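Raw query_19.pdb, PDB, C-alpha atoms:
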ATOM      1  CA  MET A  68     132.666 240.608  29.357
ATOM      2  CA  ASP A  69     134.771 237.564  30.174
ATOM      3  CA  ALA A  70     133.296 235.538  33.054
ATOM      4  CA  TYR A  71     136.382 235.560  35.280
ATOM      5  CA  ARG A  72     136.882 239.268  34.789
ATOM      6  CA  ALA A  73     133.224 240.008  35.556
ATOM      7  CA  ILE A  74     133.381 237.903  38.721
ATOM      8  CA  VAL A  75     136.604 239.254  40.205
ATOM      9  CA  THR A  76     136.036 242.925  39.352
ATOM     10  CA  LYS A  77     132.442 243.056  40.667
ATOM     11  CA  ARG A  78     132.051 245.428  43.605
ATOM     12  CA  ASP A  79     128.989 246.401  45.584
ATOM     13  CA  THR A  80     128.324 250.087  44.942
ATOM     14  CA  ARG A  81     125.413 252.365  45.684
ATOM     15  CA  LYS A  82     125.892 255.496  43.587
ATOM     16  CA  PHE A  83     123.746 255.323  40.514
ATOM     17  CA  SER A  84     123.223 257.340  37.359
ATOM     18  CA  PRO A  85     119.530 258.061  36.593
ATOM     19  CA  GLU A  86     119.885 256.203  33.252
ATOM     20  CA  PRO A  87     117.316 253.405  32.974
ATOM     21  CA  ILE A  88     118.415 249.816  32.335
ATOM     22  CA  PRO A  89     117.215 248.697  28.892
ATOM     23  CA  GLU A  90     114.694 245.856  28.824
ATOM     24  CA  PRO A  91     117.013 243.294  27.146
ATOM     25  CA  VAL A  92     119.693 243.926  29.771
ATOM     26  CA  LEU A  93     117.164 243.514  32.587
ATOM     27  CA  THR A  94     115.961 240.300  30.986
ATOM     28  CA  ARG A  95     119.490 238.864  30.919
ATOM     29  CA  ILE A  96     120.001 239.826  34.563
ATOM     30  CA  LEU A  97     116.751 238.100  35.548
ATOM     31  CA  GLN A  98     117.558 235.044  33.419
ATOM     32  CA  ALA A  99     120.834 234.759  35.301
ATOM     33  CA  GLY A 100     118.874 234.535  38.541
ATOM     34  CA  ARG A 101     116.408 232.065  37.137
ATOM     35  CA  MET A 102     119.157 229.714  35.927
ATOM     36  CA  ALA A 103     120.948 229.498  39.281
ATOM     37  CA  GLY A 104     121.069 225.997  40.676
ATOM     38  CA  SER A 105     119.351 225.231  43.966
ATOM     39  CA  SER A 106     119.202 222.482  46.535
ATOM     40  CA  LYS A 107     117.643 219.420  44.831
ATOM     41  CA  ASN A 108     116.481 221.829  42.101
ATOM     42  CA  THR A 109     113.690 223.006  44.398
ATOM     43  CA  GLN A 110     114.008 226.508  42.856
ATOM     44  CA  PRO A 111     112.841 228.377  45.958
ATOM     45  CA  VAL A 112     113.863 231.815  44.641
ATOM     46  CA  ARG A 113     111.695 234.405  42.906
ATOM     47  CA  ALA A 114     112.529 237.947  41.817
ATOM     48  CA  ILE A 115     110.337 241.006  42.145
ATOM     49  CA  LEU A 116     111.533 243.679  39.753
ATOM     50  CA  VAL A 117     110.662 247.056  41.233
ATOM     51  CA  THR A 118     110.881 250.176  39.095
ATOM     52  CA  GLU A 119     107.908 252.222  40.389
ATOM     53  CA  PRO A 120     109.354 255.251  42.216
ATOM     54  CA  ALA A 121     106.797 255.111  45.030
ATOM     55  CA  ARG A 122     107.469 251.456  45.740
ATOM     56  CA  LYS A 123     111.246 251.988  45.705
ATOM     57  CA  GLU A 124     110.699 254.676  48.366
ATOM     58  CA  GLU A 125     108.616 252.281  50.431
ATOM     59  CA  ILE A 126     111.277 249.570  50.146
ATOM     60  CA  ALA A 127     113.919 252.042  51.293
ATOM     61  CA  SER A 128     111.883 252.613  54.447
ATOM     62  CA  CYS A 129     112.213 248.904  55.388
ATOM     63  CA  GLY A 130     116.027 248.843  55.626
ATOM     64  CA  GLN A 131     118.460 250.612  57.937
ATOM     65  CA  PHE A 132     120.953 251.334  55.154
ATOM     66  CA  ALA A 133     118.661 251.617  52.153
ATOM     67  CA  THR A 134     118.625 255.325  51.346
ATOM     68  CA  HIS A 135     120.248 254.568  47.968
ATOM     69  CA  VAL A 136     117.295 252.463  46.790
ATOM     70  CA  PRO A 137     115.076 255.286  45.437
ATOM     71  CA  ALA A 138     117.946 256.436  43.173
ATOM     72  CA  CYS A 139     118.573 253.015  41.626
ATOM     73  CA  ALA A 140     117.167 252.251  38.187
ATOM     74  CA  ALA A 141     115.745 248.922  39.270
ATOM     75  CA  ALA A 142     115.492 247.170  42.598
ATOM     76  CA  ILE A 143     115.274 243.403  42.461
ATOM     77  CA  ALA A 144     113.800 241.828  45.575
ATOM     78  CA  VAL A 145     115.127 238.276  45.943
ATOM     79  CA  VAL A 146     112.258 236.353  47.492
ATOM     80  CA  LEU A 147     112.360 232.935  49.135
ATOM     81  CA  THR A 148     109.264 230.781  48.869
ATOM     82  CA  PRO A 149     108.394 228.628  51.912
ATOM     83  CA  GLY A 150     111.170 226.209  52.856
ATOM     84  CA  GLY A 151     113.816 227.970  50.779
ATOM     85  CA  GLY A 152     117.232 228.682  52.268
ATOM     86  CA  ALA A 153     119.502 231.719  52.237
ATOM     87  CA  PHE A 154     122.303 229.785  50.521
ATOM     88  CA  ASP A 155     120.178 229.363  47.382
ATOM     89  CA  ALA A 156     119.158 233.029  47.551
ATOM     90  CA  GLY A 157     122.853 233.944  47.622
ATOM     91  CA  ARG A 158     123.524 231.834  44.533
ATOM     92  CA  ALA A 159     120.726 233.495  42.534
ATOM     93  CA  ALA A 160     121.622 236.983  43.772
ATOM     94  CA  GLN A 161     125.279 236.556  42.845
ATOM     95  CA  ASN A 162     124.329 235.317  39.363
ATOM     96  CA  MET A 163     122.200 238.435  38.855
ATOM     97  CA  MET A 164     124.861 240.810  40.166
ATOM     98  CA  VAL A 165     127.647 239.306  38.068
ATOM     99  CA  ALA A 166     125.458 239.229  34.949
ATOM    100  CA  ALA A 167     124.595 242.881  35.625
ATOM    101  CA  TRP A 168     128.215 243.860  36.072
ATOM    102  CA  ALA A 169     129.130 242.116  32.814
ATOM    103  CA  GLU A 170     126.765 244.659  31.195
ATOM    104  CA  GLY A 171     128.222 247.610  33.106
ATOM    105  CA  VAL A 172     125.371 247.674  35.636
ATOM    106  CA  THR A 173     126.500 247.983  39.234
ATOM    107  CA  SER A 174     124.557 246.744  42.220
ATOM    108  CA  CYS A 175     124.289 246.823  45.966
ATOM    109  CA  PRO A 176     122.712 244.071  48.058
ATOM    110  CA  THR A 177     120.483 245.797  50.579
ATOM    111  CA  SER A 178     119.104 244.176  53.726
ATOM    112  CA  MET A 179     115.502 244.643  54.773
ATOM    113  CA  HIS A 180     115.936 244.907  58.545
ATOM    114  CA  ASP A 181     112.186 245.302  58.992
ATOM    115  CA  ALA A 182     111.035 242.076  57.378
ATOM    116  CA  ALA A 183     107.339 242.710  58.029
ATOM    117  CA  CYS A 184     107.639 246.070  56.257
ATOM    118  CA  ALA A 185     109.222 244.474  53.173
ATOM    119  CA  ASN A 186     106.635 241.685  53.097
ATOM    120  CA  ARG A 187     103.831 244.240  53.241
ATOM    121  CA  VAL A 188     105.285 246.590  50.620
ATOM    122  CA  LEU A 189     105.853 243.720  48.211
ATOM    123  CA  GLY A 190     102.604 241.933  49.069
ATOM    124  CA  LEU A 191     104.240 238.613  49.898
ATOM    125  CA  PRO A 192     102.023 235.672  50.787
ATOM    126  CA  GLU A 193     102.376 233.900  54.155
ATOM    127  CA  GLY A 194     105.668 232.021  54.553
ATOM    128  CA  HIS A 195     107.530 233.993  51.885
ATOM    129  CA  SER A 196     110.419 236.301  52.768
ATOM    130  CA  VAL A 197     112.762 238.828  51.180
ATOM    131  CA  ALA A 198     116.333 237.496  51.377
ATOM    132  CA  ILE A 199     117.829 240.707  50.000
ATOM    133  CA  VAL A 200     117.034 243.609  47.702
ATOM    134  CA  LEU A 201     119.524 244.214  44.892
ATOM    135  CA  ALA A 202     119.661 247.915  44.028
ATOM    136  CA  MET A 203     120.894 248.162  40.434
ATOM    137  CA  GLY A 204     121.862 250.874  38.010
ATOM    138  CA  TYR A 205     124.609 252.258  35.851
ATOM    139  CA  PRO A 206     127.303 253.832  38.006
ATOM    140  CA  GLU A 207     127.148 257.564  38.665
ATOM    141  CA  ALA A 208     129.535 259.440  36.367
ATOM    142  CA  GLY A 209     132.924 259.827  38.023
ATOM    143  CA  THR A 210     132.364 256.943  40.438
ATOM    144  CA  SER A 211     135.269 254.545  40.420
ATOM    145  CA  VAL A 212     133.534 251.236  40.821
ATOM    146  CA  ASN A 213     136.837 249.390  40.768
ATOM    147  CA  LEU A 214     137.978 250.945  44.013
ATOM    148  CA  GLY A 215     135.818 248.636  46.041
ATOM    149  CA  ARG A 216     136.590 247.317  49.460
ATOM    150  CA  ALA A 217     139.706 245.256  49.977
ATOM    151  CA  ARG A 218     139.652 241.509  50.438
ATOM    152  CA  ILE A 219     141.749 239.277  52.664
ATOM    153  CA  PRO A 220     144.799 237.765  50.909
ATOM    154  CA  LEU A 221     144.258 234.575  48.918
ATOM    155  CA  ASP A 222     146.525 232.696  51.346
ATOM    156  CA  ASP A 223     144.193 233.587  54.201
ATOM    157  CA  PHE A 224     141.098 232.671  52.190
ATOM    158  CA  VAL A 225     142.336 229.225  51.155
ATOM    159  CA  HIS A 226     143.237 226.337  53.451
ATOM    160  CA  SER A 227     144.611 223.066  52.102
ATOM    161  CA  ASP A 228     142.903 219.779  52.935
ATOM    162  CA  HIS A 229     142.361 220.814  56.540
ATOM    163  CA  TRP A 230     141.828 223.981  58.573
ATOM    164  CA  ARG A 231     145.107 225.477  59.718
ATOM    165  CA  GLY A 232     145.706 227.904  62.539
ATOM    166  CA  GLU A 233     144.271 228.614  65.923
ATOM    167  CA  GLY A 234     141.689 226.223  67.239
ATOM    168  CA  ALA A 235     142.106 223.728  64.397
ATOM    169  CA  GLY A 236     141.034 220.184  65.209
ATOM    170  CA  GLY A 237     143.160 217.031  64.937
TER
ATOM    171  CA  MET B 200     133.908 232.212  28.268
ATOM    172  CA  ASP B 201     131.489 235.135  28.171
ATOM    173  CA  ALA B 202     130.052 235.891  31.622
ATOM    174  CA  TYR B 203     126.382 235.602  30.671
ATOM    175  CA  ARG B 204     126.960 232.342  28.822
ATOM    176  CA  ALA B 205     128.913 230.882  31.742
ATOM    177  CA  ILE B 206     126.169 231.865  34.176
ATOM    178  CA  VAL B 207     123.150 230.597  32.263
ATOM    179  CA  THR B 208     124.697 227.351  30.986
ATOM    180  CA  LYS B 209     126.110 226.284  34.370
ATOM    181  CA  ARG B 210     124.579 223.059  35.643
ATOM    182  CA  ASP B 211     125.273 221.058  38.758
ATOM    183  CA  THR B 212     126.731 217.718  37.682
ATOM    184  CA  ARG B 213     128.446 214.909  39.540
ATOM    185  CA  LYS B 214     130.135 212.725  36.942
ATOM    186  CA  PHE B 215     133.811 213.571  36.758
ATOM    187  CA  SER B 216     136.775 212.604  34.610
ATOM    188  CA  PRO B 217     139.873 211.651  36.636
ATOM    189  CA  GLU B 218     141.830 214.495  34.993
ATOM    190  CA  PRO B 219     143.301 216.830  37.609
ATOM    191  CA  ILE B 220     142.516 220.553  37.570
ATOM    192  CA  PRO B 221     145.687 222.524  36.763
ATOM    193  CA  GLU B 222     146.964 224.826  39.508
ATOM    194  CA  PRO B 223     146.300 228.121  37.613
ATOM    195  CA  VAL B 224     142.691 227.083  37.006
ATOM    196  CA  LEU B 225     142.216 226.184  40.672
ATOM    197  CA  THR B 226     143.715 229.530  41.642
ATOM    198  CA  ARG B 227     141.233 231.415  39.454
ATOM    199  CA  ILE B 228     138.352 229.418  40.941
ATOM    200  CA  LEU B 229     139.490 230.239  44.484
ATOM    201  CA  GLN B 230     140.094 233.904  43.593
ATOM    202  CA  ALA B 231     136.497 234.039  42.389
ATOM    203  CA  GLY B 232     135.367 232.920  45.842
ATOM    204  CA  ARG B 233     137.668 235.323  47.614
ATOM    205  CA  MET B 234     136.396 238.313  45.615
ATOM    206  CA  ALA B 235     132.706 237.698  46.366
ATOM    207  CA  GLY B 236     131.077 240.537  48.233
ATOM    208  CA  SER B 237     129.672 239.945  51.692
ATOM    209  CA  SER B 238     127.467 241.682  54.213
ATOM    210  CA  LYS B 239     129.307 244.869  55.335
ATOM    211  CA  ASN B 240     132.455 243.315  53.792
ATOM    212  CA  THR B 241     132.763 241.055  56.834
ATOM    213  CA  GLN B 242     134.222 238.333  54.564
ATOM    214  CA  PRO B 243     132.969 235.408  56.659
ATOM    215  CA  VAL B 244     133.783 232.775  54.032
ATOM    216  CA  ARG B 245     136.880 230.582  53.761
ATOM    217  CA  ALA B 246     137.655 227.746  51.361
ATOM    218  CA  ILE B 247     139.309 224.453  52.192
ATOM    219  CA  LEU B 248     140.673 222.899  49.030
ATOM    220  CA  VAL B 249     140.648 219.134  49.466
ATOM    221  CA  THR B 250     142.550 216.925  47.036
ATOM    222  CA  GLU B 251     143.869 214.157  49.334
ATOM    223  CA  PRO B 252     141.999 210.956  48.391
ATOM    224  CA  ALA B 253     141.594 209.799  51.995
ATOM    225  CA  ARG B 254     140.095 213.103  53.097
ATOM    226  CA  LYS B 255     137.715 213.158  50.122
ATOM    227  CA  GLU B 256     136.510 209.712  51.246
ATOM    228  CA  GLU B 257     135.993 210.977  54.776
ATOM    229  CA  ILE B 258     134.057 214.011  53.517
ATOM    230  CA  ALA B 259     131.836 211.728  51.454
ATOM    231  CA  SER B 260     130.931 209.871  54.659
ATOM    232  CA  CYS B 261     129.466 213.095  56.143
ATOM    233  CA  GLY B 262     126.777 213.626  53.493
ATOM    234  CA  GLN B 263     123.744 211.591  52.526
ATOM    235  CA  PHE B 264     124.253 212.183  48.808
ATOM    236  CA  ALA B 265     128.018 212.543  48.612
ATOM    237  CA  THR B 266     129.194 209.328  46.970
ATOM    238  CA  HIS B 267     130.493 211.362  44.003
ATOM    239  CA  VAL B 268     133.003 213.283  46.158
ATOM    240  CA  PRO B 269     135.881 210.746  46.085
ATOM    241  CA  ALA B 270     135.825 210.804  42.252
ATOM    242  CA  CYS B 271     136.036 214.582  41.973
ATOM    243  CA  ALA B 272     139.385 216.202  41.186
ATOM    244  CA  ALA B 273     139.029 218.763  43.956
ATOM    245  CA  ALA B 274     136.497 219.304  46.689
ATOM    246  CA  ILE B 275     136.183 222.836  47.969
ATOM    247  CA  ALA B 276     134.626 223.097  51.417
ATOM    248  CA  VAL B 277     132.942 226.492  51.793
ATOM    249  CA  VAL B 278     133.416 227.369  55.450
ATOM    250  CA  LEU B 279     131.617 230.049  57.458
ATOM    251  CA  THR B 280     133.543 231.690  60.273
ATOM    252  CA  PRO B 281     131.556 232.594  63.427
ATOM    253  CA  GLY B 282     128.666 234.958  62.710
ATOM    254  CA  GLY B 283     128.705 234.371  58.955
ATOM    255  CA  GLY B 284     125.464 233.738  57.095
ATOM    256  CA  ALA B 285     124.446 231.245  54.436
ATOM    257  CA  PHE B 286     123.584 234.019  51.963
ATOM    258  CA  ASP B 287     127.229 235.112  51.794
ATOM    259  CA  ALA B 288     128.327 231.476  51.472
ATOM    260  CA  GLY B 289     125.970 231.153  48.507
ATOM    261  CA  ARG B 290     127.489 234.211  46.845
ATOM    262  CA  ALA B 291     131.050 232.883  47.182
ATOM    263  CA  ALA B 292     130.062 229.361  46.142
ATOM    264  CA  GLN B 293     128.286 230.598  43.036
ATOM    265  CA  ASN B 294     131.279 232.728  42.055
ATOM    266  CA  MET B 295     133.521 229.662  42.309
ATOM    267  CA  MET B 296     131.140 227.416  40.381
ATOM    268  CA  VAL B 297     130.633 229.916  37.552
ATOM    269  CA  ALA B 298     134.375 230.656  37.340
ATOM    270  CA  ALA B 299     134.992 226.898  37.218
ATOM    271  CA  TRP B 300     132.422 226.362  34.497
ATOM    272  CA  ALA B 301     133.959 229.177  32.431
ATOM    273  CA  GLU B 302     137.085 226.975  32.399
ATOM    274  CA  GLY B 303     135.162 223.815  31.519
ATOM    275  CA  VAL B 304     135.175 222.517  35.096
ATOM    276  CA  THR B 305     131.844 221.240  36.311
ATOM    277  CA  SER B 306     130.723 221.160  39.926
ATOM    278  CA  CYS B 307     128.147 219.841  42.324
ATOM    279  CA  PRO B 308     127.252 221.520  45.612
ATOM    280  CA  THR B 309     127.117 218.763  48.195
ATOM    281  CA  SER B 310     125.465 219.067  51.609
ATOM    282  CA  MET B 311     127.139 217.756  54.743
ATOM    283  CA  HIS B 312     124.111 216.368  56.568
ATOM    284  CA  ASP B 313     126.307 215.290  59.486
ATOM    285  CA  ALA B 314     127.784 218.664  60.404
ATOM    286  CA  ALA B 315     129.826 217.312  63.308
ATOM    287  CA  CYS B 316     131.423 214.784  60.949
ATOM    288  CA  ALA B 317     132.418 217.504  58.463
ATOM    289  CA  ASN B 318     133.773 219.751  61.225
ATOM    290  CA  ARG B 319     135.895 216.902  62.560
ATOM    291  CA  VAL B 320     137.210 215.747  59.168
ATOM    292  CA  LEU B 321     138.204 219.297  58.230
ATOM    293  CA  GLY B 322     139.436 220.205  61.699
ATOM    294  CA  LEU B 323     137.261 223.291  62.072
ATOM    295  CA  PRO B 324     137.627 225.433  65.181
ATOM    296  CA  GLU B 325     134.649 226.057  67.483
ATOM    297  CA  GLY B 326     131.918 228.190  65.897
ATOM    298  CA  HIS B 327     132.950 227.467  62.306
ATOM    299  CA  SER B 328     130.745 225.446  59.966
ATOM    300  CA  VAL B 329     130.728 223.946  56.488
ATOM    301  CA  ALA B 330     128.033 225.655  54.396
ATOM    302  CA  ILE B 331     128.540 223.315  51.451
ATOM    303  CA  VAL B 332     131.183 221.208  49.722
ATOM    304  CA  LEU B 333     131.693 221.925  46.033
ATOM    305  CA  ALA B 334     132.798 218.762  44.233
ATOM    306  CA  MET B 335     134.658 219.860  41.102
ATOM    307  CA  GLY B 336     136.212 218.236  38.070
ATOM    308  CA  TYR B 337     136.219 218.058  34.324
ATOM    309  CA  PRO B 338     133.077 216.291  33.131
ATOM    310  CA  GLU B 339     133.265 212.571  32.452
ATOM    311  CA  ALA B 340     133.652 211.889  28.715
ATOM    312  CA  GLY B 341     130.254 211.484  27.090
ATOM    313  CA  THR B 342     128.427 213.345  29.847
ATOM    314  CA  SER B 343     126.175 216.018  28.440
ATOM    315  CA  VAL B 344     126.499 218.746  31.017
ATOM    316  CA  ASN B 345     124.130 220.974  29.124
ATOM    317  CA  LEU B 346     121.182 218.668  29.728
ATOM    318  CA  GLY B 347     120.751 219.865  33.269
ATOM    319  CA  ARG B 348     117.538 220.106  35.158
ATOM    320  CA  ALA B 349     114.792 222.320  33.858
ATOM    321  CA  ARG B 350     113.947 225.669  35.372
ATOM    322  CA  ILE B 351     110.580 227.343  35.876
ATOM    323  CA  PRO B 352     109.626 229.771  33.071
ATOM    324  CA  LEU B 353     110.980 233.314  33.305
ATOM    325  CA  ASP B 354     107.422 234.633  33.673
ATOM    326  CA  ASP B 355     106.995 232.536  36.815
ATOM    327  CA  PHE B 356     110.377 233.580  38.195
ATOM    328  CA  VAL B 357     109.803 237.321  37.752
ATOM    329  CA  HIS B 358     107.086 239.412  39.392
ATOM    330  CA  SER B 359     106.699 243.113  38.615
ATOM    331  CA  ASP B 360     106.722 245.674  41.431
ATOM    332  CA  HIS B 361     104.574 243.455  43.633
ATOM    333  CA  TRP B 362     103.902 239.759  44.247
ATOM    334  CA  ARG B 363     101.129 238.476  42.012
ATOM    335  CA  GLY B 364      98.994 235.418  42.467
ATOM    336  CA  GLU B 365      97.541 233.430  45.316
ATOM    337  CA  GLY B 366      97.940 234.879  48.785
ATOM    338  CA  ALA B 367      99.356 238.183  47.579
ATOM    339  CA  GLY B 368      98.966 241.083  49.973
ATOM    340  CA  GLY B 369      97.319 244.432  49.258
TER
END
Translate this structure into structure tokens?
Amino acid sequence: MDAYRAIVTKRDTRKFSPEPIPEPVLTRILQAGRMAGSSKNTQPVRAILVTEPARKEEIASCGQFATHVPACAAAIAVVLTPGGGAFDAGRAAQNMMVAAWAEGVTSCPTSMHDAACANRVLGLPEGHSVAIVLAMGYPEAGTSVNLGRARIPLDDFVHSDHWRGEGAGG
Amino acid sequence: MDAYRAIVTKRDTRKFSPEPIPEPVLTRILQAGRMAGSSKNTQPVRAILVTEPARKEEIASCGQFATHVPACAAAIAVVLTPGGGAFDAGRAAQNMMVAAWAEGVTSCPTSMHDAACANRVLGLPEGHSVAIVLAMGYPEAGTSVNLGRARIPLDDFVHSDHWRGEGAGG
């Protein structure tokens, strides 16, 4: 799929078909995360690919809105090593989600509200943390993944040279 | 450009040609940022497109490693509105950088170490912040943008079902 099209049509969805994601597709998704740039190329991000049903269940128990995780084909935990920042995690996660979508795989970033739970389930060493879990899978038949949530108009998203509107500085 | 190719070949570079970025290309880059998903679709990210030479100079004065900003064709300040998180800024920034690269436009995420300076130069209202400035432009002639920095091997990036190695939990 064309890069621009993959980027602008990507929506976060959480209704998955039980179809597994083939190994080569998973590898491309993970490569996309690996190749993301990071602050000073410190590469603070790692990915834990979770496909074991029992562990997906355990992960679901660590988030407040994670009941879709057991039904996903693969959950990718985006892990930050010590000192890593959420901005770099966002870059790697977005690369993986767009690469997935370019292959027809939909995804839903899922927060682990109980961080200690996620660290325990995934066996993270001291100082590591889960930035997000990406639940991934092919969309459930009949799900319209293009009817995602609306976005603010482009004119509201973009400002030119300087913030405009209420509270703007001099 | 194919999505996967755009994602995995994207490198952060800071040597720009003086060629301006045509309006339709800039619009696609900004659309890519606008369409990025965000936590609960809160859409906390805004973009300030900076092309005025004087303001690019001022922005450069707010970062410790920002001397390349005045030479870029367009600087896009990725702004977080109150309550927004760096993870969502990373998602939007990566979308813009990959969409840019798919059009042959290279980019360099540039930190504003002096946050108060950046807020003042861009006129941000109270509670807003600059997550990053993306310096963008066509690559300088003769610059090999594919010789970017190395990445850790895929086997080190990916863990299966559970963290492996030193310090891993039970």
(request) Kindly extract all protein, DNA and RNA residues lying within 7 Å of the coordinates (137.5, 221.8, 64.7) given in the file, considering only C-alpha atoms, and supply them as a ChimeraX atom specification. (result) /A:234-236 /B:318-319,321-325
(request) Run the PyMOL selection byres ((chain A) within 6 of (chain B)) mentally over the shown coordinates, then write out the matched residues as a PyMOL selection string, using the chain letters and numbers from the document. (result) chain A and resi 68-71+75+99+102+113-117+153-154+157-158+161+166+189-192+224-230+234-237
(request) Could you check how far atom CA of Glu339 of chain B sits from atom CA of Arg213 of chain B, in Å to one decimal? (result)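 That distance, rounded to one decimal, is 8.9 Å.
Put simply, atom CA of Thr80 of chain A is 27.2 Å away from atom CA of His195 of chain A.
Here atom CA of Gly283 of chain B stands at a distance of 26.3 Å from atom CA of Lys82 of chain A.
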(request) Tell me which of B:Phe264, B:Pro221, B:Gly326, B:Thr305 sits closest to Thr342 of chain B, counting only C-alpha atoms. (result) B:Thr305
(message) From the options A:Gly130, A:Pro137, A:His180, A:Thr148, which residue's atoms come nearest to Gly204 of chain A, counting all atoms listed in the file?
(response)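 Among the listed residues, the smallest separation from Gly204 of chain A belongs to A:Pro137.
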(message) Can you tell me which residues surround Cys129 of chain A at a distance of at most 6 Å, considering all atoms listed in the file, apart from same-chain residues fewer than 6 positions away, and format the answer as number ranges by chain?
(response) A: 179, 181, 184-185
Mind giving me the axis-aligned box for segment 88-100 of chain A with 3 Å on every side, centre plus edges in Å to one decimal, as AutoDock Vina command-line options?
--center_x 117.8 --center_y 242.2 --center_z 32.8 --size_x 12.1 --size_y 21.3 --size_z 17.4
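If you measure from each of A:Leu201, A:Ser196, A:Ser174, A:Ala140 to Glu90 of chain A using all atoms listed in the file, the closest one turns out to be A:Ala140.
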